[in-house]
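The file protein.cif contains mmCIF, C-alpha atoms:
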```cif
data_target
#
loop_
_atom_site.label_atom_id
_atom_site.label_comp_id
_atom_site.auth_asym_id
_atom_site.auth_seq_id
_atom_site.Cartn_x
_atom_site.Cartn_y
_atom_site.Cartn_z
CA MET N 3 6.97 -1.05 -35.15
CA LYS N 4 3.22 -1.51 -34.93
CA PRO N 5 1.78 0.83 -32.25
CA LEU N 6 -0.57 -1.80 -30.81
CA ARG N 7 2.29 -4.31 -30.44
CA PHE N 8 4.24 -1.63 -28.59
CA LEU N 9 1.29 -0.96 -26.25
CA LEU N 10 0.89 -4.68 -25.51
CA ARG N 11 4.60 -5.09 -24.73
CA PHE N 12 4.48 -1.93 -22.61
CA VAL N 13 1.51 -3.14 -20.51
CA ILE N 14 3.10 -6.58 -19.93
CA LEU N 15 6.44 -5.03 -18.96
CA LEU N 16 4.73 -2.52 -16.67
CA ALA N 17 3.02 -5.35 -14.77
CA VAL N 18 6.16 -7.54 -14.66
CA LEU N 19 8.37 -4.67 -13.46
CA TYR N 20 5.86 -3.59 -10.84
CA LEU N 21 5.50 -7.08 -9.31
CA PRO N 22 8.82 -7.02 -7.35
CA LEU N 23 7.85 -3.65 -5.85
CA THR N 24 4.86 -5.26 -4.13
CA LEU N 25 7.16 -7.58 -2.14
CA GLN N 26 7.79 -6.52 1.46
CA SER N 27 11.48 -7.47 1.19
CA VAL N 28 12.00 -5.19 -1.84
CA ASP N 29 10.10 -2.41 -0.10
CA THR N 30 12.30 -2.71 3.01
CA ALA N 31 15.63 -3.14 1.20
CA VAL N 32 15.20 -0.79 -1.78
CA ILE N 33 12.16 1.50 -1.76
CA VAL N 34 12.26 2.75 1.83
CA PRO N 35 16.04 3.53 1.78
CA PHE N 36 15.52 5.26 -1.59
CA SER N 37 12.67 7.36 -0.16
CA ARG N 38 14.87 8.14 2.87
CA ALA N 39 17.64 9.37 0.54
CA ILE N 40 15.11 11.66 -1.19
CA ALA N 41 14.04 12.94 2.24
CA VAL N 42 17.68 13.69 3.21
CA VAL N 43 18.47 15.54 -0.05
CA SER N 44 15.15 17.46 0.07
CA ALA N 45 15.84 18.46 3.70
CA ALA N 46 19.29 19.72 2.69
CA ILE N 47 17.75 21.86 -0.07
CA LEU N 48 15.04 23.15 2.30
CA ASN N 49 17.66 24.00 4.93
CA VAL N 50 19.58 26.01 2.36
CA LEU N 51 16.30 27.88 1.87
CA GLY N 52 16.23 28.55 5.63
CA GLN N 53 13.45 26.10 6.59
CA HIS N 54 15.21 24.34 9.55
CA VAL N 55 13.93 20.90 8.55
CA THR N 56 14.67 17.65 10.38
CA VAL N 57 14.41 14.18 8.84
CA THR N 58 13.02 11.10 10.59
CA GLY N 59 12.95 8.15 8.21
CA VAL N 60 10.83 9.31 5.27
CA ILE N 61 9.29 12.23 7.16
CA LEU N 62 10.40 15.84 6.73
CA ALA N 63 9.37 18.06 9.60
CA ALA N 64 9.73 21.68 10.68
CA GLY N 65 7.79 22.64 13.80
CA SER N 66 4.22 21.41 13.48
CA HIS N 67 4.49 20.98 9.68
CA ALA N 68 5.51 17.63 8.17
CA VAL N 69 5.34 15.71 4.90
CA SER N 70 5.93 11.99 4.43
CA ILE N 71 7.47 10.58 1.25
CA GLN N 72 5.32 7.55 0.42
CA ASN N 73 5.12 5.32 -2.64
CA GLY N 74 3.78 7.48 -5.45
CA CYS N 75 5.80 10.48 -4.15
CA ASN N 76 9.29 9.05 -4.67
CA GLY N 77 9.23 9.05 -8.48
CA ILE N 78 9.38 5.25 -8.61
CA GLU N 79 6.14 5.10 -10.63
CA ALA N 80 7.71 7.32 -13.31
CA VAL N 81 10.89 5.22 -13.27
CA VAL N 82 8.89 1.98 -13.72
CA PHE N 83 6.96 3.65 -16.53
CA LEU N 84 10.16 4.78 -18.28
CA VAL N 85 11.82 1.36 -17.97
CA ALA N 86 8.70 -0.39 -19.37
CA ALA N 87 8.26 2.09 -22.24
CA ILE N 88 11.94 2.20 -23.24
CA LEU N 89 12.30 -1.59 -23.11
CA ALA N 90 9.10 -2.04 -25.15
CA PHE N 91 10.33 0.30 -27.89
CA PRO N 92 12.67 -1.11 -30.56
CA ALA N 93 16.22 0.21 -30.00
CA THR N 94 19.73 -1.04 -29.32
CA TRP N 95 20.70 -1.84 -25.72
CA ARG N 96 23.20 1.04 -25.76
CA GLN N 97 20.44 3.50 -26.74
CA ARG N 98 18.16 2.08 -24.05
CA VAL N 99 20.78 2.37 -21.30
CA ILE N 100 21.68 5.96 -22.27
CA GLY N 101 17.98 6.88 -22.47
CA LEU N 102 17.16 5.29 -19.12
CA VAL N 103 20.08 6.85 -17.22
CA ALA N 104 19.35 10.33 -18.59
CA ALA N 105 15.55 10.13 -18.19
CA ILE N 106 15.66 8.66 -14.66
CA ALA N 107 18.18 11.30 -13.53
CA LEU N 108 15.97 14.11 -14.89
CA ILE N 109 12.81 12.64 -13.33
CA GLN N 110 14.49 12.33 -9.94
CA ILE N 111 15.73 15.94 -10.09
CA LEU N 112 12.18 17.02 -10.92
CA ASN N 113 10.90 14.87 -8.06
CA LEU N 114 13.18 16.71 -5.64
CA VAL N 115 11.59 19.96 -6.84
CA ARG N 116 8.17 18.35 -6.22
CA VAL N 117 9.01 17.32 -2.64
CA VAL N 118 10.55 20.71 -1.80
CA THR N 119 7.63 22.71 -3.24
CA LEU N 120 5.04 20.43 -1.62
CA PHE N 121 6.74 20.93 1.74
CA LEU N 122 6.66 24.70 1.25
CA ILE N 123 3.01 24.64 0.10
CA ASN N 124 2.06 22.50 3.12
CA ARG N 125 3.78 25.02 5.40
CA TYR N 126 2.61 28.30 3.89
CA LYS N 127 -0.53 27.47 1.84
CA PRO N 128 -1.91 24.21 3.30
CA ASP N 129 -5.31 24.70 1.64
CA LEU N 130 -3.61 24.26 -1.75
CA PHE N 131 -1.63 21.16 -0.73
CA GLU N 132 -4.10 18.50 -1.95
CA LEU N 133 -4.54 20.21 -5.33
CA PHE N 134 -0.79 20.39 -5.92
CA HIS N 135 -0.05 16.98 -4.41
CA LEU N 136 -2.63 14.99 -6.33
CA ALA N 137 -3.49 16.99 -9.42
CA ILE N 138 -0.67 19.26 -10.51
CA TRP N 139 2.55 17.53 -9.51
CA GLN N 140 1.34 14.03 -10.42
CA THR N 141 0.45 15.33 -13.88
CA VAL N 142 3.74 17.23 -14.27
CA ILE N 143 5.80 14.17 -13.27
CA GLY N 144 3.74 11.85 -15.50
CA GLY N 145 3.78 14.32 -18.40
CA SER N 146 7.55 14.81 -18.03
CA ALA N 147 8.17 11.06 -18.05
CA ILE N 148 6.08 10.74 -21.22
CA ALA N 149 7.84 13.74 -22.81
CA LEU N 150 11.27 12.27 -22.01
CA PHE N 151 10.25 8.95 -23.52
CA TYR N 152 8.90 10.72 -26.60
CA VAL N 153 12.09 12.76 -27.08
CA TRP N 154 14.13 9.57 -26.68
CA THR N 155 12.07 7.80 -29.40
CA THR N 156 12.85 10.65 -31.84
CA ARG N 157 16.59 10.33 -31.05
CA VAL N 158 16.45 6.57 -31.57
CA HIS N 159 14.77 7.17 -34.90
CA VAL N 160 17.48 9.66 -35.91
CA ALA N 161 20.18 7.18 -34.97
CA LYS N 162 18.52 4.48 -37.07
CA ARG N 163 18.41 6.68 -40.16
CA ALA N 164 21.88 8.24 -39.77
CA MET P 24 8.79 21.44 -28.67
CA TRP P 25 7.98 24.69 -26.83
CA ARG P 26 4.63 24.89 -28.60
CA ASN P 27 3.86 21.38 -27.37
CA ALA P 28 4.91 22.38 -23.85
CA LEU P 29 2.56 25.39 -23.99
CA ARG P 30 -0.29 23.23 -25.28
CA PHE P 31 0.42 20.73 -22.49
CA ALA P 32 0.32 23.54 -19.88
CA ALA P 33 -3.01 24.82 -21.27
CA GLY P 34 -4.37 21.26 -21.23
CA LEU P 35 -3.12 20.83 -17.66
CA LEU P 36 -5.04 23.92 -16.59
CA ALA P 37 -8.20 22.77 -18.39
CA GLY P 38 -7.78 19.26 -16.92
CA VAL P 39 -7.34 20.58 -13.37
CA LEU P 40 -10.50 22.70 -13.68
CA LEU P 41 -12.45 19.81 -15.20
CA TRP P 42 -11.29 17.37 -12.52
CA TRP P 43 -11.65 19.79 -9.59
CA TYR P 44 -15.23 20.80 -10.40
CA GLY P 45 -16.38 17.69 -12.24
CA ALA P 46 -14.93 15.00 -9.98
CA PRO P 47 -17.92 14.68 -7.58
CA LEU P 48 -20.36 14.10 -10.45
CA TYR P 49 -17.94 11.88 -12.40
CA ASP P 50 -17.01 9.84 -9.31
CA GLY P 51 -20.70 9.15 -8.70
CA ILE P 52 -21.03 7.83 -12.28
CA VAL P 53 -17.92 5.65 -11.83
CA GLY P 54 -19.34 4.25 -8.57
CA ALA P 55 -22.70 3.49 -10.21
CA ALA P 56 -20.98 1.78 -13.17
CA ALA P 57 -18.89 -0.32 -10.77
CA GLU P 58 -21.99 -1.65 -8.95
CA PRO P 59 -22.88 -4.38 -11.52
CA VAL P 60 -19.20 -5.39 -11.66
CA LEU P 61 -19.09 -5.80 -7.87
CA HIS P 62 -22.46 -7.63 -7.82
CA VAL P 63 -20.64 -10.53 -9.54
CA ASP P 64 -19.01 -11.17 -6.15
CA ALA P 65 -21.77 -12.81 -4.09
CA ARG P 66 -20.63 -10.96 -0.96
CA PHE P 67 -21.50 -7.65 -2.62
CA ARG P 68 -24.80 -8.77 -4.22
CA ASP P 69 -26.74 -5.96 -2.51
CA LEU P 70 -23.98 -3.32 -2.75
CA ASP P 71 -25.00 0.24 -3.40
CA THR P 72 -22.85 3.35 -3.87
CA ALA P 73 -23.47 7.05 -3.30
CA GLU P 74 -21.35 10.12 -3.96
CA ARG P 75 -20.38 12.28 -0.96
CA GLY P 76 -18.30 15.19 -2.20
CA ARG P 77 -14.98 13.73 -3.36
CA TRP P 78 -15.67 10.37 -1.69
CA ILE P 79 -17.86 7.43 -2.61
CA VAL P 80 -19.86 5.69 0.10
CA ILE P 81 -20.23 1.91 -0.21
CA ARG P 82 -23.14 0.34 1.66
CA SER P 83 -25.17 -2.82 1.85
CA ALA P 84 -28.95 -2.64 1.48
CA GLY P 85 -29.37 -5.74 3.67
CA GLY P 86 -26.57 -4.94 6.12
CA THR P 87 -24.43 -7.91 5.00
CA PHE P 88 -21.22 -5.85 5.18
CA ARG P 89 -20.12 -2.73 6.99
CA TYR P 90 -20.38 0.76 5.57
CA GLY P 91 -17.19 1.93 3.77
CA THR P 92 -15.79 4.94 1.94
CA LEU P 93 -13.27 5.33 -0.90
CA PRO P 94 -11.51 8.52 -2.05
CA ALA P 95 -12.74 8.19 -5.65
CA ASP P 96 -11.03 11.34 -6.92
CA GLN P 97 -7.66 9.70 -6.13
CA MET P 98 -8.62 7.02 -8.68
CA THR P 99 -9.59 9.43 -11.45
CA TYR P 100 -7.00 12.22 -11.38
CA ASN P 101 -5.24 10.82 -14.47
CA VAL P 102 -8.04 12.53 -16.42
CA ILE P 103 -5.89 15.69 -15.99
CA LEU P 104 -2.84 14.02 -17.57
CA PHE P 105 -4.96 12.64 -20.42
CA VAL P 106 -6.51 16.08 -21.15
CA ALA P 107 -3.04 17.72 -21.01
CA LEU P 108 -1.58 15.13 -23.38
CA LEU P 109 -4.59 15.30 -25.69
CA ALA P 110 -4.08 19.08 -25.96
CA THR P 111 -0.74 18.42 -27.68
CA VAL P 112 -2.43 16.45 -30.50
CA ARG P 113 -3.07 18.71 -33.50
CA ARG P 114 -5.66 16.70 -35.43
CA PRO P 115 -7.11 14.00 -33.17
CA ARG P 116 -9.45 11.53 -34.86
CA ARG P 117 -12.84 11.57 -33.14
CA GLY P 118 -13.25 7.79 -33.23
CA ARG P 119 -9.89 7.21 -31.57
CA VAL P 120 -10.58 9.89 -28.93
CA ALA P 121 -13.94 8.22 -28.16
CA ILE P 122 -12.25 4.83 -27.74
CA ALA P 123 -9.54 6.37 -25.53
CA ILE P 124 -12.16 8.04 -23.29
CA ALA P 125 -14.06 4.73 -23.04
CA VAL P 126 -10.85 2.92 -22.02
CA LEU P 127 -10.06 5.63 -19.45
CA PHE P 128 -13.58 5.35 -17.98
CA ALA P 129 -13.39 1.53 -17.92
CA SER P 130 -10.04 1.76 -16.11
CA HIS P 131 -11.65 4.00 -13.46
CA VAL P 132 -14.52 1.54 -12.98
CA ILE P 133 -12.03 -1.35 -12.62
CA THR P 134 -9.86 0.67 -10.20
CA PHE P 135 -12.93 1.46 -8.08
CA ALA P 136 -14.06 -2.20 -8.06
CA VAL P 137 -10.55 -3.40 -7.15
CA GLY P 138 -10.32 -0.66 -4.47
CA THR P 139 -13.60 -1.88 -2.94
CA GLU P 140 -12.47 -5.53 -2.93
CA SER P 141 -9.15 -4.47 -1.39
CA LEU P 142 -10.89 -2.39 1.32
CA TYR P 143 -13.10 -5.27 2.47
CA ALA P 144 -10.51 -8.05 2.03
CA THR P 145 -8.09 -6.05 4.21
CA GLY P 146 -10.83 -5.48 6.77
CA ARG P 147 -11.63 -9.22 6.96
CA ASP P 148 -8.01 -10.46 7.36
CA PRO P 149 -5.11 -8.17 6.36
CA SER P 150 -2.60 -11.06 6.31
CA SER P 151 -4.66 -13.33 4.01
CA THR P 152 -3.57 -14.14 0.45
CA GLU P 153 -6.82 -12.62 -0.81
CA ALA P 154 -6.08 -9.31 0.92
CA ASN P 155 -2.51 -9.28 -0.42
CA VAL P 156 -3.65 -9.96 -3.99
CA TRP P 157 -6.33 -7.23 -3.93
CA MET P 158 -3.98 -4.79 -2.21
CA GLY P 159 -1.25 -5.48 -4.78
CA ALA P 160 -3.70 -4.97 -7.65
CA ASN P 161 -5.05 -1.81 -6.03
CA LEU P 162 -1.55 -0.34 -5.62
CA PHE P 163 -0.58 -1.31 -9.17
CA LEU P 164 -3.61 0.48 -10.61
CA ARG P 165 -3.24 3.55 -8.40
CA VAL P 166 0.54 3.96 -8.62
CA VAL P 167 1.67 2.97 -12.12
CA GLY P 168 -1.66 2.07 -13.75
CA MET P 169 -2.91 5.68 -13.62
CA LEU P 170 0.14 6.88 -15.56
CA GLY P 171 0.18 3.85 -17.87
CA VAL P 172 -3.49 4.16 -18.88
CA ALA P 173 -3.24 7.92 -19.60
CA PHE P 174 -0.09 7.30 -21.66
CA GLY P 175 -1.65 4.35 -23.53
CA CYS P 176 -4.77 6.38 -24.37
CA TRP P 177 -2.65 9.29 -25.65
CA TRP P 178 -0.43 6.93 -27.66
CA TRP P 179 -3.54 5.40 -29.21
CA VAL P 180 -4.86 8.82 -30.30
CA ALA P 181 -1.61 10.60 -31.20
CA VAL P 182 1.01 8.12 -32.33
CA ALA P 183 -1.09 5.14 -33.42
CA GLY P 184 -3.59 7.62 -34.86
CA GLY P 185 -0.88 8.99 -37.15
CA ASP P 186 -0.92 12.61 -35.93
CA PRO P 187 1.76 14.20 -38.13
CA VAL P 188 3.19 16.30 -35.31
CA GLN P 189 3.34 13.52 -32.71
CA ARG P 190 4.69 10.72 -34.85
CA PRO P 191 8.37 10.07 -34.01
CA ARG P 192 10.29 11.25 -37.05
CA ALA P 193 13.85 11.80 -38.11
CA ARG P 194 15.44 15.21 -38.46
CA PRO P 195 17.00 15.75 -41.87
CA VAL P 196 20.52 14.34 -41.90
CA ARG P 197 23.08 16.68 -43.47
CA ARG P 198 25.44 14.99 -45.84
CA LYS P 199 29.09 15.97 -45.98
CA LYS P 200 30.16 17.36 -49.32
#
```
Just give me the structure as structure tokens.
Amino acid sequence: MKPLRFLLRFVILLAVLYLPLTLQSVDTAVIVPFSRAIAVVSAAILNVLGQHVTVTGVILAAGSHAVSIQNGCNGIEAVVFLVAAILAFPATWRQRVIGLVAAIALIQILNLVRVVTLFLINRYKPDLFELFHLAIWQTVIGGSAIALFYVWTTRVHVAKRA
Amino acid sequence: MWRNALRFAAGLLAGVLLWWYGAPLYDGIVGAAAEPVLHVDARFRDLDTAERGRWIVIRSAGGTFRYGTLPADQMTYNVILFVALLATVRRPRRGRVAIAIAVLFASHVITFAVGTESLYATGRDPSSTEANVWMGANLFLRVVGMLGVAFGCWWWVAVAGGDPVQRPRARPVRRKK
């Protein structure tokens, strides 16, 4: 496949897949409940770590410390990226479904680690929060999504040749 | 794979340092480059920008619109991801890297211009179609666009550029005797 054709298909799919997420109805029915679920699971992990966290909607709080899981912190951007990239790349539908399920599961597990660590950083090292929130974790999530896509493309290639 | 992961981590560190210390200067350049783009909109004909730490101040020389600020470093942090990804490329071609950097810079200028339009359209009437369109475009660029542009630039250098290590390739298939 020609790389430029892939990039064009990827950009178009990225825009098309992102459009529904801008609708208020999709945000209310899908994104917010999804972010709430992340908040509940993250709170459970933090409570195992002895943090005594309570959840209110998408907000995790313990005493005077709180973090809110907004768009951009729920891993949806990495999921949209993965769907666009995997659909744009030539493969069978079976390979795409397996790739998407595995990659999205791994990204969401990593995102839970992000939320938990950001909560802990906000509580114990708040001066480092912005650096980790914006620079380090965004790059790690983005880089991981790209790495997962790259590994998937090598597997697809192997399957084609085998 | 582990070597690539190590190179990515080293690139991440270099990218964080570059972005953390270079962002104020770079953001100022992005703001200045966005001025002529925003001047196309008659409402921003006398727009001027100035860097204030990690923020960009937007002001009108003739007082035609209110003073505003944008967190410019939140529009440029994908530089870190691009540097980290670029560190995994063994033999990057200079021409392709130059084009990728130009595209990355252009995307920052566009994101800043769209962010400015979104800020003022929302301020005028948050429920208007204009505000919704600019807000949607702003969110697209800042949520998935940042990741998409860094990935596209890396793909252009590494995979489209034919880097032997990055190109997806098959493992040797063992044949049964």
Could you check the closest approach to Arg68 of chain P for each of P:Gly159, P:Gly168, P:Gly54, P:Gly85 and tell me which residue wins, using all atoms listed in the file?
P:Gly85
Can you pull out the residues contacting Ala107 of chain N? Cut-off 12 Å, using all atoms listed in the file, and skip same-chain residues under 3 positions away; I want them as JSON, numbers by chain.
{"N": [77, 78, 80, 81, 84, 100, 101, 102, 103, 104, 110, 111, 112, 113, 114, 147, 150]}
Residue neighbourhood Pro94 of chain P, 7 Å, all atoms listed in the file, exclusion window fewer than 4 positions, as a ChimeraX atom specification:
/P:77-79
Measuring between only C-alpha atoms, which one of P:Ala129, P:Met24, P:Ile124, P:Ala55 shows the shortest distance to chain N?
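So, comparing all the options, the nearest one is P:Met24.
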I need the residue nearest Glu58 of chain P from this list: P:Ala95, P:Leu35, P:Ala73, P:Ala183. Use only C-alpha atoms for the distance.
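Going through P:Ala95, P:Leu35, P:Ala73, P:Ala183 one by one, the smallest distance to Glu58 of chain P is for P:Ala73.
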Rounded to one decimal, what separation in Å do you get between atom CA of Ala57 of chain P and atom CA of Val132 of chain P?
5.2 Å
What residues come out when you apply the PyMOL selection byres ((chain P) within 8 of (chain N)) to this file, written as a ChimeraX atom specification?
/P:35,39,97,100-101,103-104,108,159,163,166-167,170-171,174-175,178-179,182-183,191-194,196
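Distances to Ala160 of chain P were evaluated for P:Gly146, P:Trp43, P:Thr134, P:Trp177 using all atoms listed in the file, and the minimum falls at P:Thr134.
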As a check of understanding: the span from atom CA of Gly59 of chain N to atom CA of Gln26 of chain N is 17.0 Å
Atomic distance atom CA of Val18 of chain N - atom CA of Val115 of chain N, expressed in Å with one decimal
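Atom CA of Val115 of chain N lies 29.1 Å from atom CA of Val18 of chain N.
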Residue nearest Ile123 of chain N among N:Ala68, N:Ile61, N:Val55, N:Val28 (counting all atoms listed in the file)
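Using all atoms listed in the file, the shortest distance to Ile123 of chain N belongs to N:Ala68.
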Please evaluate the PyMOL selection byres ((chain N and resi 120) around 9) against the structure above and give the resulting residues as a list in words.
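So the PyMOL selection byres ((chain N and resi 120) around 9) ends up selecting Val69, Val115, Arg116, Val117, Val118, Thr119, Phe121, Leu122, Ile123, Asn124, Arg125, Phe131, Phe134, His135 and Trp139 of chain N.
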Generate N, CA and C atoms for segment 154-180 of chain P and emit them as an mmCIF file, in the frame of the given file.
```
data_model
loop_
_atom_site.group_PDB
_atom_site.id
_atom_site.type_symbol
_atom_site.label_atom_id
_atom_site.label_comp_id
_atom_site.auth_asym_id
_atom_site.auth_seq_id
_atom_site.Cartn_x
_atom_site.Cartn_y
_atom_site.Cartn_z
ATOM 1 N N ALA P 154 -6.326 -10.733 0.638
ATOM 2 C CA ALA P 154 -6.080 -9.310 0.920
ATOM 3 C C ALA P 154 -4.823 -8.829 0.212
ATOM 4 N N ASN P 155 -3.777 -9.669 0.228
ATOM 5 C CA ASN P 155 -2.510 -9.280 -0.420
ATOM 6 C C ASN P 155 -2.679 -9.114 -1.931
ATOM 7 N N VAL P 156 -3.444 -10.033 -2.532
ATOM 8 C CA VAL P 156 -3.650 -9.960 -3.990
ATOM 9 C C VAL P 156 -4.424 -8.693 -4.355
ATOM 10 N N TRP P 157 -5.521 -8.423 -3.618
ATOM 11 C CA TRP P 157 -6.330 -7.230 -3.930
ATOM 12 C C TRP P 157 -5.555 -5.949 -3.641
ATOM 13 N N MET P 158 -4.771 -5.975 -2.545
ATOM 14 C CA MET P 158 -3.980 -4.790 -2.210
ATOM 15 C C MET P 158 -2.918 -4.520 -3.273
ATOM 16 N N GLY P 159 -2.270 -5.604 -3.731
ATOM 17 C CA GLY P 159 -1.250 -5.480 -4.780
ATOM 18 C C GLY P 159 -1.847 -4.915 -6.061
ATOM 19 N N ALA P 160 -3.030 -5.450 -6.434
ATOM 20 C CA ALA P 160 -3.700 -4.970 -7.650
ATOM 21 C C ALA P 160 -4.125 -3.523 -7.503
ATOM 22 N N ASN P 161 -4.607 -3.180 -6.313
ATOM 23 C CA ASN P 161 -5.050 -1.810 -6.030
ATOM 24 C C ASN P 161 -3.871 -0.827 -6.147
ATOM 25 N N LEU P 162 -2.735 -1.204 -5.552
ATOM 26 C CA LEU P 162 -1.550 -0.340 -5.620
ATOM 27 C C LEU P 162 -1.033 -0.213 -7.040
ATOM 28 N N PHE P 163 -1.046 -1.343 -7.773
ATOM 29 C CA PHE P 163 -0.580 -1.310 -9.170
ATOM 30 C C PHE P 163 -1.411 -0.311 -9.974
ATOM 31 N N LEU P 164 -2.741 -0.410 -9.827
ATOM 32 C CA LEU P 164 -3.610 0.480 -10.610
ATOM 33 C C LEU P 164 -3.458 1.937 -10.188
ATOM 34 N N ARG P 165 -3.277 2.165 -8.881
ATOM 35 C CA ARG P 165 -3.240 3.550 -8.400
ATOM 36 C C ARG P 165 -1.864 4.194 -8.509
ATOM 37 N N VAL P 166 -0.801 3.383 -8.550
ATOM 38 C CA VAL P 166 0.540 3.960 -8.620
ATOM 39 C C VAL P 166 1.033 4.048 -10.073
ATOM 40 N N VAL P 167 1.170 2.910 -10.737
ATOM 41 C CA VAL P 167 1.670 2.970 -12.120
ATOM 42 C C VAL P 167 0.559 2.868 -13.166
ATOM 43 N N GLY P 168 -0.565 2.250 -12.787
ATOM 44 C CA GLY P 168 -1.660 2.070 -13.750
ATOM 45 C C GLY P 168 -2.235 3.410 -14.217
ATOM 46 N N MET P 169 -2.349 4.357 -13.283
ATOM 47 C CA MET P 169 -2.910 5.680 -13.620
ATOM 48 C C MET P 169 -2.096 6.338 -14.730
ATOM 49 N N LEU P 170 -0.767 6.288 -14.568
ATOM 50 C CA LEU P 170 0.140 6.880 -15.560
ATOM 51 C C LEU P 170 0.108 6.062 -16.860
ATOM 52 N N GLY P 171 0.152 4.735 -16.703
ATOM 53 C CA GLY P 171 0.180 3.850 -17.870
ATOM 54 C C GLY P 171 -1.060 3.981 -18.738
ATOM 55 N N VAL P 172 -2.239 4.075 -18.115
ATOM 56 C CA VAL P 172 -3.490 4.160 -18.880
ATOM 57 C C VAL P 172 -3.561 5.506 -19.633
ATOM 58 N N ALA P 173 -3.206 6.601 -18.934
ATOM 59 C CA ALA P 173 -3.240 7.920 -19.600
ATOM 60 C C ALA P 173 -2.271 7.940 -20.789
ATOM 61 N N PHE P 174 -1.080 7.370 -20.584
ATOM 62 C CA PHE P 174 -0.090 7.300 -21.660
ATOM 63 C C PHE P 174 -0.615 6.441 -22.822
ATOM 64 N N GLY P 175 -1.149 5.269 -22.497
ATOM 65 C CA GLY P 175 -1.650 4.350 -23.530
ATOM 66 C C GLY P 175 -2.760 4.990 -24.357
ATOM 67 N N CYS P 176 -3.663 5.723 -23.670
ATOM 68 C CA CYS P 176 -4.770 6.380 -24.370
ATOM 69 C C CYS P 176 -4.237 7.481 -25.294
ATOM 70 N N TRP P 177 -3.247 8.242 -24.810
ATOM 71 C CA TRP P 177 -2.650 9.290 -25.650
ATOM 72 C C TRP P 177 -1.924 8.680 -26.853
ATOM 73 N N TRP P 178 -1.181 7.612 -26.600
ATOM 74 C CA TRP P 178 -0.430 6.930 -27.660
ATOM 75 C C TRP P 178 -1.377 6.444 -28.750
ATOM 76 N N TRP P 179 -2.519 5.916 -28.299
ATOM 77 C CA TRP P 179 -3.540 5.400 -29.210
ATOM 78 C C TRP P 179 -4.092 6.513 -30.100
ATOM 79 N N VAL P 180 -4.306 7.694 -29.535
ATOM 80 C CA VAL P 180 -4.860 8.820 -30.300
ATOM 81 C C VAL P 180 -3.770 9.482 -31.154
#
```
